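work_28.json, holding JSON, C-alpha atoms and all ligand atoms:
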[["chain", "number", "residue", "atom", "x", "y", "z"],
["X", 1, "MET", "CA", -17.09, 25.02, -12.05],
["X", 2, "GLY", "CA", -16.15, 21.37, -11.66],
["X", 3, "LYS", "CA", -12.59, 20.26, -12.35],
["X", 4, "LEU", "CA", -13.73, 18.43, -15.54],
["X", 5, "ALA", "CA", -15.91, 21.27, -16.87],
["X", 6, "GLY", "CA", -16.11, 21.23, -20.67],
["X", 7, "LYS", "CA", -14.31, 17.89, -20.99],
["X", 8, "VAL", "CA", -15.58, 14.91, -23.00],
["X", 9, "ALA", "CA", -15.02, 11.38, -21.68],
["X", 10, "PHE", "CA", -15.41, 7.97, -23.34],
["X", 11, "VAL", "CA", -15.96, 5.15, -20.81],
["X", 12, "THR", "CA", -16.16, 1.45, -21.62],
["X", 13, "GLY", "CA", -17.99, -0.82, -19.19],
["X", 14, "SER", "CA", -20.15, 2.20, -18.37],
["X", 15, "SER", "CA", -23.31, 0.33, -17.42],
["X", 16, "SER", "CA", -22.07, -1.18, -14.17],
["X", 17, "GLY", "CA", -19.62, -1.02, -11.29],
["X", 18, "ILE", "CA", -16.45, 1.05, -11.65],
["X", 19, "GLY", "CA", -17.21, 2.31, -15.18],
["X", 20, "ALA", "CA", -20.65, 3.56, -14.16],
["X", 21, "ALA", "CA", -19.24, 5.20, -11.02],
["X", 22, "CYS", "CA", -16.58, 6.97, -13.14],
["X", 23, "ALA", "CA", -19.29, 8.22, -15.52],
["X", 24, "LEU", "CA", -21.32, 9.66, -12.66],
["X", 25, "ARG", "CA", -18.33, 11.23, -10.90],
["X", 26, "PHE", "CA", -17.11, 12.81, -14.17],
["X", 27, "VAL", "CA", -20.58, 14.29, -14.83],
["X", 28, "GLU", "CA", -20.66, 15.67, -11.29],
["X", 29, "ASP", "CA", -17.33, 17.34, -12.06],
["X", 30, "GLY", "CA", -18.69, 18.92, -15.27],
["X", 31, "ALA", "CA", -17.84, 16.43, -18.05],
["X", 32, "ILE", "CA", -20.05, 14.95, -20.76],
["X", 33, "VAL", "CA", -19.67, 11.17, -20.91],
["X", 34, "VAL", "CA", -20.16, 8.72, -23.76],
["X", 35, "GLY", "CA", -20.78, 5.26, -22.34],
["X", 36, "PHE", "CA", -19.95, 2.08, -24.25],
["X", 37, "ASP", "CA", -21.13, -1.32, -23.05],
["X", 38, "LEU", "CA", -22.84, -4.51, -24.17],
["X", 39, "ALA", "CA", -26.19, -3.14, -22.99],
["X", 40, "ASP", "CA", -27.57, 0.12, -21.60],
["X", 41, "SER", "CA", -28.63, 0.39, -17.97],
["X", 42, "SER", "CA", -31.75, 2.20, -16.81],
["X", 43, "GLU", "CA", -30.68, 2.19, -13.18],
["X", 44, "GLY", "CA", -27.67, 2.84, -10.96],
["X", 45, "ASP", "CA", -24.81, 5.26, -11.51],
["X", 46, "TRP", "CA", -24.99, 5.33, -15.32],
["X", 47, "ALA", "CA", -28.71, 6.21, -15.29],
["X", 48, "GLU", "CA", -27.99, 8.89, -12.67],
["X", 49, "ALA", "CA", -25.19, 10.33, -14.84],
["X", 50, "VAL", "CA", -27.56, 10.64, -17.82],
["X", 51, "LYS", "CA", -30.19, 12.22, -15.58],
["X", 52, "GLN", "CA", -27.72, 14.84, -14.36],
["X", 53, "GLN", "CA", -26.21, 15.49, -17.82],
["X", 54, "PRO", "CA", -28.69, 14.71, -20.62],
["X", 55, "LYS", "CA", -25.98, 15.32, -23.25],
["X", 56, "CYS", "CA", -24.42, 12.00, -22.22],
["X", 57, "LEU", "CA", -24.68, 9.35, -24.94],
["X", 58, "PHE", "CA", -24.81, 5.58, -24.74],
["X", 59, "ILE", "CA", -23.39, 3.44, -27.54],
["X", 60, "GLU", "CA", -24.03, -0.29, -27.46],
["X", 61, "GLY", "CA", -21.10, -2.43, -28.48],
["X", 62, "ASP", "CA", -18.48, -5.02, -27.61],
["X", 63, "VAL", "CA", -14.90, -3.96, -26.79],
["X", 64, "THR", "CA", -13.58, -6.93, -28.74],
["X", 65, "ASP", "CA", -15.11, -5.47, -31.92],
["X", 66, "ASP", "CA", -12.54, -3.15, -33.50],
["X", 67, "ASP", "CA", -15.02, -1.61, -35.97],
["X", 68, "ALA", "CA", -17.60, -0.92, -33.25],
["X", 69, "LEU", "CA", -15.02, 0.85, -31.05],
["X", 70, "LYS", "CA", -13.70, 2.86, -34.01],
["X", 71, "ALA", "CA", -17.23, 4.02, -34.92],
["X", 72, "ALA", "CA", -18.09, 4.85, -31.28],
["X", 73, "ILE", "CA", -14.94, 6.89, -30.69],
["X", 74, "GLU", "CA", -15.33, 8.72, -34.01],
["X", 75, "LYS", "CA", -18.96, 9.49, -33.14],
["X", 76, "THR", "CA", -17.89, 10.82, -29.73],
["X", 77, "HIS", "CA", -15.38, 13.11, -31.42],
["X", 78, "SER", "CA", -17.64, 14.29, -34.25],
["X", 79, "GLU", "CA", -20.73, 14.90, -32.09],
["X", 80, "LEU", "CA", -19.07, 16.40, -29.03],
["X", 81, "GLY", "CA", -16.09, 18.09, -30.69],
["X", 82, "CYS", "CA", -13.19, 16.65, -28.67],
["X", 83, "LEU", "CA", -12.01, 13.62, -26.70],
["X", 84, "ASP", "CA", -10.28, 14.49, -23.43],
["X", 85, "ILE", "CA", -10.66, 11.39, -21.29],
["X", 86, "VAL", "CA", -10.83, 7.64, -21.94],
["X", 87, "VAL", "CA", -11.53, 5.06, -19.24],
["X", 88, "ASN", "CA", -11.22, 1.42, -20.21],
["X", 89, "SER", "CA", -13.25, -0.36, -17.55],
["X", 90, "ALA", "CA", -15.01, -3.14, -19.50],
["X", 91, "GLY", "CA", -13.74, -6.39, -18.07],
["X", 92, "VAL", "CA", -14.48, -9.91, -16.93],
["X", 93, "ALA", "CA", -13.07, -12.23, -14.27],
["X", 94, "GLY", "CA", -11.17, -15.05, -15.97],
["X", 95, "VAL", "CA", -10.56, -18.01, -13.68],
["X", 96, "GLY", "CA", -8.54, -21.20, -13.53],
["X", 97, "SER", "CA", -5.08, -22.51, -12.71],
["X", 98, "VAL", "CA", -3.04, -23.09, -15.85],
["X", 99, "HIS", "CA", -3.37, -26.89, -16.14],
["X", 100, "LEU", "CA", -7.14, -26.61, -15.60],
["X", 101, "CYS", "CA", -7.67, -23.58, -17.78],
["X", 102, "ASP", "CA", -9.53, -24.05, -21.05],
["X", 103, "PRO", "CA", -7.72, -22.12, -23.80],
["X", 104, "ALA", "CA", -11.09, -20.58, -24.68],
["X", 105, "GLU", "CA", -11.26, -19.01, -21.19],
["X", 106, "MET", "CA", -7.76, -17.59, -21.59],
["X", 107, "ASP", "CA", -8.67, -16.19, -25.04],
["X", 108, "ARG", "CA", -11.96, -14.69, -23.80],
["X", 109, "THR", "CA", -10.31, -12.97, -20.84],
["X", 110, "MET", "CA", -7.37, -11.64, -22.83],
["X", 111, "ASP", "CA", -9.69, -10.52, -25.61],
["X", 112, "ILE", "CA", -11.99, -8.45, -23.39],
["X", 113, "ASN", "CA", -9.59, -7.23, -20.68],
["X", 114, "PHE", "CA", -6.44, -6.69, -22.73],
["X", 115, "ASN", "CA", -7.39, -6.51, -26.40],
["X", 116, "GLY", "CA", -10.46, -4.36, -25.66],
["X", 117, "THR", "CA", -8.21, -1.85, -23.90],
["X", 118, "PHE", "CA", -5.69, -1.90, -26.74],
["X", 119, "LEU", "CA", -8.40, -1.38, -29.39],
["X", 120, "ALA", "CA", -10.03, 1.58, -27.63],
["X", 121, "CYS", "CA", -6.64, 3.25, -27.15],
["X", 122, "ARG", "CA", -5.73, 2.55, -30.78],
["X", 123, "HIS", "CA", -8.67, 4.67, -31.96],
["X", 124, "ALA", "CA", -8.55, 7.35, -29.25],
["X", 125, "LEU", "CA", -4.84, 8.14, -29.55],
["X", 126, "PRO", "CA", -4.85, 9.71, -33.06],
["X", 127, "ILE", "CA", -7.58, 12.15, -31.93],
["X", 128, "MET", "CA", -5.66, 13.01, -28.76],
["X", 129, "MET", "CA", -2.41, 13.38, -30.76],
["X", 130, "GLU", "CA", -4.15, 15.88, -33.03],
["X", 131, "GLN", "CA", -5.38, 17.76, -29.93],
["X", 132, "ARG", "CA", -2.00, 17.42, -28.22],
["X", 133, "SER", "CA", -3.84, 16.51, -25.01],
["X", 134, "GLY", "CA", -5.70, 13.69, -23.32],
["X", 135, "SER", "CA", -5.86, 11.44, -20.26],
["X", 136, "ILE", "CA", -6.28, 7.69, -20.66],
["X", 137, "MET", "CA", -7.00, 5.49, -17.66],
["X", 138, "ASN", "CA", -6.97, 1.73, -17.98],
["X", 139, "ILE", "CA", -8.66, -0.11, -15.13],
["X", 140, "ALA", "CA", -6.18, -2.89, -14.40],
["X", 141, "SER", "CA", -6.14, -4.44, -10.91],
["X", 142, "VAL", "CA", -3.85, -5.20, -7.99],
["X", 143, "GLU", "CA", -3.94, -8.60, -9.67],
["X", 144, "GLY", "CA", -1.96, -7.02, -12.50],
["X", 145, "LEU", "CA", 0.80, -6.24, -9.98],
["X", 146, "GLU", "CA", 0.79, -9.38, -7.86],
["X", 147, "ALA", "CA", -0.68, -12.78, -8.54],
["X", 148, "GLN", "CA", -3.56, -14.50, -6.85],
["X", 149, "GLU", "CA", -4.70, -18.09, -6.67],
["X", 150, "PHE", "CA", -6.84, -19.66, -9.40],
["X", 151, "THR", "CA", -7.00, -16.62, -11.68],
["X", 152, "ALA", "CA", -4.29, -17.21, -14.30],
["X", 153, "PRO", "CA", -6.22, -15.58, -17.20],
["X", 154, "TYR", "CA", -7.19, -12.57, -15.10],
["X", 155, "ASN", "CA", -3.66, -12.09, -13.71],
["X", 156, "ALA", "CA", -2.13, -12.34, -17.18],
["X", 157, "SER", "CA", -4.63, -9.93, -18.75],
["X", 158, "LYS", "CA", -4.25, -7.30, -16.03],
["X", 159, "GLY", "CA", -0.46, -7.54, -15.96],
["X", 160, "ALA", "CA", -0.55, -6.91, -19.71],
["X", 161, "VAL", "CA", -2.81, -3.88, -19.23],
["X", 162, "VAL", "CA", -0.37, -2.38, -16.70],
["X", 163, "LEU", "CA", 2.61, -2.63, -19.06],
["X", 164, "LEU", "CA", 0.60, -1.53, -22.11],
["X", 165, "SER", "CA", -0.33, 1.59, -20.12],
["X", 166, "LYS", "CA", 3.30, 2.29, -19.27],
["X", 167, "ASN", "CA", 4.28, 1.73, -22.91],
["X", 168, "MET", "CA", 1.72, 4.31, -24.04],
["X", 169, "ALA", "CA", 2.85, 6.79, -21.38],
["X", 170, "ILE", "CA", 6.30, 6.61, -22.99],
["X", 171, "ASP", "CA", 5.18, 6.69, -26.64],
["X", 172, "TYR", "CA", 2.62, 9.49, -26.30],
["X", 173, "GLY", "CA", 3.89, 11.69, -23.45],
["X", 174, "ARG", "CA", 5.51, 14.06, -25.94],
["X", 175, "TRP", "CA", 2.11, 14.45, -27.61],
["X", 176, "GLY", "CA", 0.70, 15.83, -24.36],
["X", 177, "ILE", "CA", -1.15, 12.60, -23.56],
["X", 178, "ARG", "CA", -1.06, 11.09, -20.06],
["X", 179, "VAL", "CA", -1.69, 7.37, -19.63],
["X", 180, "ASN", "CA", -2.14, 5.66, -16.27],
["X", 181, "ALA", "CA", -3.28, 2.26, -15.08],
["X", 182, "ILE", "CA", -5.57, 2.19, -12.06],
["X", 183, "CYS", "CA", -5.13, -0.90, -9.90],
["X", 184, "PRO", "CA", -8.09, -1.41, -7.58],
["X", 185, "GLY", "CA", -8.20, -3.95, -4.79],
["X", 186, "PHE", "CA", -11.45, -5.88, -4.31],
["X", 187, "ILE", "CA", -14.35, -3.54, -5.05],
["X", 188, "GLU", "CA", -18.06, -4.05, -4.25],
["X", 189, "THR", "CA", -19.51, -4.60, -7.75],
["X", 190, "PRO", "CA", -21.39, -7.39, -9.55],
["X", 191, "MET", "CA", -17.97, -8.80, -10.54],
["X", 192, "SER", "CA", -16.98, -9.44, -6.92],
["X", 193, "ALA", "CA", -20.46, -10.58, -5.82],
["X", 194, "ALA", "CA", -19.33, -14.18, -6.36],
["X", 195, "ILE", "CA", -17.52, -14.00, -2.99],
["X", 196, "GLU", "CA", -20.47, -15.39, -1.03],
["X", 197, "ASP", "CA", -18.84, -17.71, 1.50],
["X", 198, "PRO", "CA", -18.62, -15.74, 4.81],
["X", 199, "GLY", "CA", -15.20, -17.18, 5.72],
["X", 200, "MET", "CA", -13.79, -16.30, 2.31],
["X", 201, "ARG", "CA", -15.33, -12.84, 2.51],
["X", 202, "ALA", "CA", -13.71, -12.23, 5.92],
["X", 203, "ARG", "CA", -10.32, -13.28, 4.51],
["X", 204, "VAL", "CA", -10.75, -11.00, 1.51],
["X", 205, "ASP", "CA", -11.75, -8.07, 3.73],
["X", 206, "GLY", "CA", -8.77, -8.79, 5.99],
["X", 207, "ALA", "CA", -6.33, -8.86, 3.06],
["X", 208, "HIS", "CA", -6.94, -5.12, 2.70],
["X", 209, "GLN", "CA", -5.09, -3.25, 5.46],
["X", 210, "LEU", "CA", -8.16, -1.03, 5.90],
["X", 211, "GLY", "CA", -10.10, -4.21, 6.71],
["X", 212, "ARG", "CA", -12.72, -3.99, 3.98],
["X", 213, "MET", "CA", -13.38, -4.04, 0.25],
["X", 214, "GLY", "CA", -13.63, -0.72, -1.58],
["X", 215, "THR", "CA", -16.55, 0.96, -3.33],
["X", 216, "PRO", "CA", -16.78, 1.90, -7.03],
["X", 217, "ARG", "CA", -16.99, 5.53, -5.92],
["X", 218, "GLU", "CA", -13.59, 5.29, -4.21],
["X", 219, "VAL", "CA", -12.06, 4.22, -7.54],
["X", 220, "ALA", "CA", -14.01, 6.88, -9.46],
["X", 221, "ASN", "CA", -12.68, 9.59, -7.14],
["X", 222, "VAL", "CA", -9.12, 8.68, -8.15],
["X", 223, "ALA", "CA", -10.11, 8.47, -11.82],
["X", 224, "ALA", "CA", -11.60, 11.98, -11.62],
["X", 225, "PHE", "CA", -8.30, 13.26, -10.23],
["X", 226, "LEU", "CA", -6.25, 11.50, -12.93],
["X", 227, "ALA", "CA", -8.62, 12.81, -15.62],
["X", 228, "SER", "CA", -8.24, 16.40, -14.41],
["X", 229, "ASP", "CA", -5.57, 19.01, -14.92],
["X", 230, "GLU", "CA", -4.71, 18.60, -11.21],
["X", 231, "ALA", "CA", -2.89, 15.42, -12.32],
["X", 232, "SER", "CA", -0.93, 17.25, -15.04],
["X", 233, "PHE", "CA", 2.38, 15.60, -14.04],
["X", 234, "VAL", "CA", 1.02, 12.10, -13.41],
["X", 235, "SER", "CA", 1.65, 9.65, -16.23],
["X", 236, "GLY", "CA", 2.90, 6.08, -16.48],
["X", 237, "SER", "CA", 1.78, 5.17, -12.99],
["X", 238, "ALA", "CA", 0.08, 1.97, -11.90],
["X", 239, "MET", "CA", -1.94, 3.70, -9.21],
["X", 240, "THR", "CA", -3.23, 1.39, -6.52],
["X", 241, "VAL", "CA", -6.66, 2.09, -5.02],
["X", 242, "ASP", "CA", -6.60, -0.95, -2.82],
["X", 243, "GLY", "CA", -6.91, -0.11, 0.87],
["X", 244, "GLY", "CA", -3.33, -1.30, 1.37],
["X", 245, "PHE", "CA", -3.88, -4.74, -0.26],
["X", 246, "SER", "CA", -0.55, -4.61, -2.10],
["X", 247, "ALA", "CA", 1.42, -2.75, 0.61],
["X", 248, "GLY", "CA", 2.83, -5.96, 2.08],
["X", 249, "LYS", "CA", 2.04, -8.71, 4.54],
["X", 250, "ARG", "CA", 0.68, -8.43, 8.07],
["X", 251, "PHE", "CA", 1.01, -11.20, 10.65],
["X", 252, "GLY", "CA", -0.80, -9.62, 13.64],
["X", 253, "VAL", "CA", 2.25, -8.61, 15.72],
["X", 254, "ASP", "CA", 0.33, -5.56, 16.95],
["X", 255, "GLU", "CA", -2.45, -7.83, 18.25],
["X", 256, "LEU", "CA", 0.09, -10.09, 19.97],
["X", 257, "TYR", "CA", 1.44, -7.09, 21.89],
["X", 258, "GLY", "CA", -1.99, -5.55, 22.55],
["X", 259, "LEU", "CA", -1.29, -2.60, 20.30],
["X", 260, "ALA", "CA", -4.16, -3.07, 17.82],
["X", 261, "PRO", "CA", -7.36, -1.01, 18.13],
["X", 262, "THR", "CA", -9.89, -2.95, 20.21],
["X", 263, "ASP", "CA", -13.11, -1.15, 19.18],
["X", 301, "LIG", "N1", -14.72, -5.47, -8.79],
["X", 301, "LIG", "C1", -13.46, -5.68, -8.46],
["X", 301, "LIG", "O1", -13.16, -6.23, -7.39],
["X", 301, "LIG", "C2", -12.34, -5.22, -9.37],
["X", 301, "LIG", "C3", -11.05, -5.13, -8.83],
["X", 301, "LIG", "C4", -10.01, -4.71, -9.65],
["X", 301, "LIG", "C5", -10.25, -4.40, -10.98],
["X", 301, "LIG", "N2", -11.52, -4.49, -11.48],
["X", 301, "LIG", "C6", -11.70, -4.18, -12.89],
["X", 301, "LIG", "O2", -12.57, -3.08, -13.01],
["X", 301, "LIG", "C7", -13.24, -3.14, -14.26],
["X", 301, "LIG", "C8", -14.74, -2.99, -14.02],
["X", 301, "LIG", "O3", -15.18, -4.11, -13.26],
["X", 301, "LIG", "P1", -16.43, -4.01, -12.30],
["X", 301, "LIG", "O4", -16.05, -4.58, -11.01],
["X", 301, "LIG", "O5", -17.01, -2.66, -12.37],
["X", 301, "LIG", "O6", -17.36, -5.10, -13.01],
["X", 301, "LIG", "P2", -18.87, -5.04, -13.50],
["X", 301, "LIG", "O7", -19.18, -6.43, -13.88],
["X", 301, "LIG", "O8", -19.72, -4.35, -12.51],
["X", 301, "LIG", "O9", -18.80, -4.11, -14.81],
["X", 301, "LIG", "C9", -18.13, -4.53, -15.96],
["X", 301, "LIG", "C10", -18.85, -3.92, -17.15],
["X", 301, "LIG", "O10", -18.12, -4.28, -18.34],
["X", 301, "LIG", "C11", -19.06, -4.64, -19.32],
["X", 301, "LIG", "N3", -18.46, -5.55, -20.30],
["X", 301, "LIG", "C12", -18.02, -6.81, -20.09],
["X", 301, "LIG", "N4", -17.58, -7.34, -21.23],
["X", 301, "LIG", "C13", -17.73, -6.39, -22.19],
["X", 301, "LIG", "C14", -17.47, -6.34, -23.58],
["X", 301, "LIG", "N5", -16.97, -7.40, -24.23],
["X", 301, "LIG", "N6", -17.74, -5.20, -24.25],
["X", 301, "LIG", "C15", -18.27, -4.12, -23.61],
["X", 301, "LIG", "N7", -18.54, -4.12, -22.29],
["X", 301, "LIG", "C16", -18.28, -5.24, -21.59],
["X", 301, "LIG", "C17", -20.19, -5.33, -18.57],
["X", 301, "LIG", "O11", -21.38, -5.37, -19.34],
["X", 301, "LIG", "C18", -20.29, -4.46, -17.33],
["X", 301, "LIG", "O12", -21.21, -3.39, -17.51],
["X", 301, "LIG", "C19", -12.88, -4.48, -14.89],
["X", 301, "LIG", "O13", -11.86, -4.27, -15.85],
["X", 301, "LIG", "C20", -12.35, -5.27, -13.71],
["X", 301, "LIG", "O14", -11.44, -6.25, -14.11],
["X", 301, "LIG", "C21", -12.57, -4.90, -10.72]]

Could you show the structure in this file as structure tokens?
Ligand SMILES: NC(=O)c1ccc[n+]([C@@H]2O[C@H](COP(=O)([O-])OP(=O)(O)OC[C@H]3O[C@@H](n4cnc5c(N)ncnc54)[C@H](O)[C@@H]3O)[C@@H](O)[C@H]2O)c1
Amino acid sequence: MGKLAGKVAFVTGSSSGIGAACALRFVEDGAIVVGFDLADSSEGDWAEAVKQQPKCLFIEGDVTDDDALKAAIEKTHSELGCLDIVVNSAGVAGVGSVHLCDPAEMDRTMDINFNGTFLACRHALPIMMEQRSGSIMNIASVEGLEAQEFTAPYNASKGAVVLLSKNMAIDYGRWGIRVNAICPGFIETPMSAAIEDPGMRARVDGAHQLGRMGTPREVANVAAFLASDEASFVSGSAMTVDGGFSAGKRFGVDELYGLAPTD
């Protein structure tokens, strides 16, 4: 029996990257997953999740559409009988320094990354309150904990997701609901594929103390733990899954003294 046996999960951004990897990992651990995204995907982790668990459902919709999310979450509950896990992974990269940033770009990023998370939680929480149980995971970012160049909308949206998650951990803990933000470092997905320049890529790899970007599966493994009863005392955390990206700075003192690994 997998550690999520019998559980029902609702995952936004399920067609690609981290959301799709969470869907597949949850199915492998015994859950049924309802995916919600702008479009279905006939390949990759989501398609594999449906193959392994044909009871999985896909619902097409936009996380900025309150009515669509309400209908999708109600359908999940009515057709599958419960709602144990929510992962808010739908997101976009919003770029620009403040004086160069078009207000429309700020609105778009906040709407999808922050408001989409808020809206899904708004409709999932009453069901979980009735059940007196549930685990919500909001995919924020290390960029919600520390800033990065040229990404003002993204930084602002992810910082908001981190504190919204902590707020909900406080307001709903006594209802038996755990809420955590997951803060990945750079992860190999279509979103990060824009890092094409080899020099930039080497600097990004090097900013992670493990010397590389992460995989969607490495984030999904943590989500599966947080979704499970093994994490029964974990709530209100902003859990980094970042290969040491946010641990601190490194200036190469070990290399200077010949103490770094040479192979
Ligand atoms: N890839 C990274 O380096 C990285 C790092 C930290 C955090 N994250 C976060 O992880 C989450 C997933 O990103 P990813 O890397 O898997 O990206 P991705 O582009 O592979 O997947 C994002 C998914 O969200 C969906 N989506 C976008 N807008 C939507 C909307 N309005 N309504 C419904 N679905 C929508 C897309 O269709 C896509 O399937 C995002 O919130 C992202 O900010 C990513």

message: Let me see if you get this right: every residue at most 8 Å from ligand LIG 301 (chain X), counting all atoms listed in the file, written as an MDAnalysis selection string.
response: chainID X and resid 12:20 36:39 60:64 88:93 112:113 116 139:143 154 158 183:192 213 216

Would you mind exporting the chosen residues as a PDB file, in the coordinates of the input, restricted to C-alpha atoms?
ATOM      1  CA  THR X  12     -16.160   1.450 -21.620  1.00  0.00           C
ATOM      2  CA  GLY X  13     -17.990  -0.820 -19.190  1.00  0.00           C
ATOM      3  CA  SER X  14     -20.150   2.200 -18.370  1.00  0.00           C
ATOM      4  CA  SER X  15     -23.310   0.330 -17.420  1.00  0.00           C
ATOM      5  CA  SER X  16     -22.070  -1.180 -14.170  1.00  0.00           C
ATOM      6  CA  GLY X  17     -19.620  -1.020 -11.290  1.00  0.00           C
ATOM      7  CA  ILE X  18     -16.450   1.050 -11.650  1.00  0.00           C
ATOM      8  CA  GLY X  19     -17.210   2.310 -15.180  1.00  0.00           C
ATOM      9  CA  ALA X  20     -20.650   3.560 -14.160  1.00  0.00           C
ATOM     10  CA  PHE X  36     -19.950   2.080 -24.250  1.00  0.00           C
ATOM     11  CA  ASP X  37     -21.130  -1.320 -23.050  1.00  0.00           C
ATOM     12  CA  LEU X  38     -22.840  -4.510 -24.170  1.00  0.00           C
ATOM     13  CA  ALA X  39     -26.190  -3.140 -22.990  1.00  0.00           C
ATOM     14  CA  GLU X  60     -24.030  -0.290 -27.460  1.00  0.00           C
ATOM     15  CA  GLY X  61     -21.100  -2.430 -28.480  1.00  0.00           C
ATOM     16  CA  ASP X  62     -18.480  -5.020 -27.610  1.00  0.00           C
ATOM     17  CA  VAL X  63     -14.900  -3.960 -26.790  1.00  0.00           C
ATOM     18  CA  THR X  64     -13.580  -6.930 -28.740  1.00  0.00           C
ATOM     19  CA  ASN X  88     -11.220   1.420 -20.210  1.00  0.00           C
ATOM     20  CA  SER X  89     -13.250  -0.360 -17.550  1.00  0.00           C
ATOM     21  CA  ALA X  90     -15.010  -3.140 -19.500  1.00  0.00           C
ATOM     22  CA  GLY X  91     -13.740  -6.390 -18.070  1.00  0.00           C
ATOM     23  CA  VAL X  92     -14.480  -9.910 -16.930  1.00  0.00           C
ATOM     24  CA  ALA X  93     -13.070 -12.230 -14.270  1.00  0.00           C
ATOM     25  CA  ILE X 112     -11.990  -8.450 -23.390  1.00  0.00           C
ATOM     26  CA  ASN X 113      -9.590  -7.230 -20.680  1.00  0.00           C
ATOM     27  CA  GLY X 116     -10.460  -4.360 -25.660  1.00  0.00           C
ATOM     28  CA  ILE X 139      -8.660  -0.110 -15.130  1.00  0.00           C
ATOM     29  CA  ALA X 140      -6.180  -2.890 -14.400  1.00  0.00           C
ATOM     30  CA  SER X 141      -6.140  -4.440 -10.910  1.00  0.00           C
ATOM     31  CA  VAL X 142      -3.850  -5.200  -7.990  1.00  0.00           C
ATOM     32  CA  GLU X 143      -3.940  -8.600  -9.670  1.00  0.00           C
ATOM     33  CA  TYR X 154      -7.190 -12.570 -15.100  1.00  0.00           C
ATOM     34  CA  LYS X 158      -4.250  -7.300 -16.030  1.00  0.00           C
ATOM     35  CA  CYS X 183      -5.130  -0.900  -9.900  1.00  0.00           C
ATOM     36  CA  PRO X 184      -8.090  -1.410  -7.580  1.00  0.00           C
ATOM     37  CA  GLY X 185      -8.200  -3.950  -4.790  1.00  0.00           C
ATOM     38  CA  PHE X 186     -11.450  -5.880  -4.310  1.00  0.00           C
ATOM     39  CA  ILE X 187     -14.350  -3.540  -5.050  1.00  0.00           C
ATOM     40  CA  GLU X 188     -18.060  -4.050  -4.250  1.00  0.00           C
ATOM     41  CA  THR X 189     -19.510  -4.600  -7.750  1.00  0.00           C
ATOM     42  CA  PRO X 190     -21.390  -7.390  -9.550  1.00  0.00           C
ATOM     43  CA  MET X 191     -17.970  -8.800 -10.540  1.00  0.00           C
ATOM     44  CA  SER X 192     -16.980  -9.440  -6.920  1.00  0.00           C
ATOM     45  CA  MET X 213     -13.380  -4.040   0.250  1.00  0.00           C
ATOM     46  CA  PRO X 216     -16.780   1.900  -7.030  1.00  0.00           C
TER      47      PRO X 216
END

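Here CA of Ala224 (chain X) and CA of Cys22 (chain X) stand 7.2 Å from one another.
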
Length of the CA of Gly44 (chain X) to CA of Val86 (chain X) vector [Å]: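 Separation between CA of Gly44 (chain X) and CA of Val86 (chain X): 20.7 Å.
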
message: Between CA of Glu230 (chain X) and CA of Ala5 (chain X), what is the distance in Å, rounded to a tenth?
response: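 Spanning CA of Glu230 (chain X) to CA of Ala5 (chain X) is a straight-line distance of 12.8 Å.
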
- prompt: If I put a ball of radius 10 Å at (-27.5, 10.1, -18.2) in the file's coordinates, which residues poke into it when counting all atoms listed in the file, written as JSON, numbers by chain?
  reply: {"X": [23, 24, 27, 32, 33, 34, 35, 41, 42, 43, 45, 46, 47, 48, 49, 50, 51, 52, 53, 54, 55, 56, 57, 58]}

Using all atoms listed in the file, which residues of region 146-206 of chain X come within 12 Å of region 127-135 of chain X, and what is the closest atom pair for each, with the distance in Å to one decimal? Give it as a Markdown table, sorted by chain and residue number.
| residue | atom | partner | partner_atom | distance |
| --- | --- | --- | --- | --- |
| X:Ser165 | CA | X:Ser135 | CA | 11.3 |
| X:Met168 | CA | X:Ser135 | CA | 11.1 |
| X:Ala169 | CA | X:Ser135 | CA | 9.9 |
| X:Asp171 | CA | X:Met129 | CA | 10.9 |
| X:Tyr172 | CA | X:Met129 | CA | 7.8 |
| X:Gly173 | CA | X:Ser133 | CA | 9.2 |
| X:Arg174 | CA | X:Arg132 | CA | 8.5 |
| X:Trp175 | CA | X:Arg132 | CA | 5.1 |
| X:Gly176 | CA | X:Ser133 | CA | 4.6 |
| X:Ile177 | CA | X:Gly134 | CA | 4.7 |
| X:Arg178 | CA | X:Ser135 | CA | 4.8 |
| X:Val179 | CA | X:Ser135 | CA | 5.9 |
| X:Asn180 | CA | X:Ser135 | CA | 7.9 |
| X:Ala181 | CA | X:Ser135 | CA | 10.9 |

- prompt: Of the residues X:Ala124, X:Ala202, X:Met137, X:Met110, which is the one nearest to Ser228 (chain X), using only C-alpha atoms?
  reply: X:Met137

task: Using only C-alpha atoms, determine which residues lie at most 10 Å from Gly211 (chain X), disregarding the query and same-chain residues fewer than 6 positions distant; provide the list as a list in words.
output: Ala202, Arg203, Val204, Asp205, Gly243, Gly244 and Phe245 of chain X

Take region 243-247 of chain X, model N, CA and C atoms, and hand the result over as a PDB file, keeping the file's coordinate frame.
ATOM      1  N   GLY X 243      -6.823   0.001  -0.589  1.00  0.00           N
ATOM      2  CA  GLY X 243      -6.910  -0.110   0.870  1.00  0.00           C
ATOM      3  C   GLY X 243      -5.708  -0.800   1.490  1.00  0.00           C
ATOM      4  N   GLY X 244      -4.554  -0.700   0.826  1.00  0.00           N
ATOM      5  CA  GLY X 244      -3.330  -1.300   1.370  1.00  0.00           C
ATOM      6  C   GLY X 244      -3.128  -2.766   1.007  1.00  0.00           C
ATOM      7  N   PHE X 245      -3.959  -3.307   0.114  1.00  0.00           N
ATOM      8  CA  PHE X 245      -3.880  -4.740  -0.260  1.00  0.00           C
ATOM      9  C   PHE X 245      -2.470  -5.117  -0.704  1.00  0.00           C
ATOM     10  N   SER X 246      -1.858  -4.256  -1.513  1.00  0.00           N
ATOM     11  CA  SER X 246      -0.550  -4.610  -2.100  1.00  0.00           C
ATOM     12  C   SER X 246       0.618  -4.005  -1.325  1.00  0.00           C
ATOM     13  N   ALA X 247       0.332  -3.406  -0.136  1.00  0.00           N
ATOM     14  CA  ALA X 247       1.420  -2.750   0.610  1.00  0.00           C
ATOM     15  C   ALA X 247       2.422  -3.766   1.163  1.00  0.00           C
TER      16      ALA X 247
END
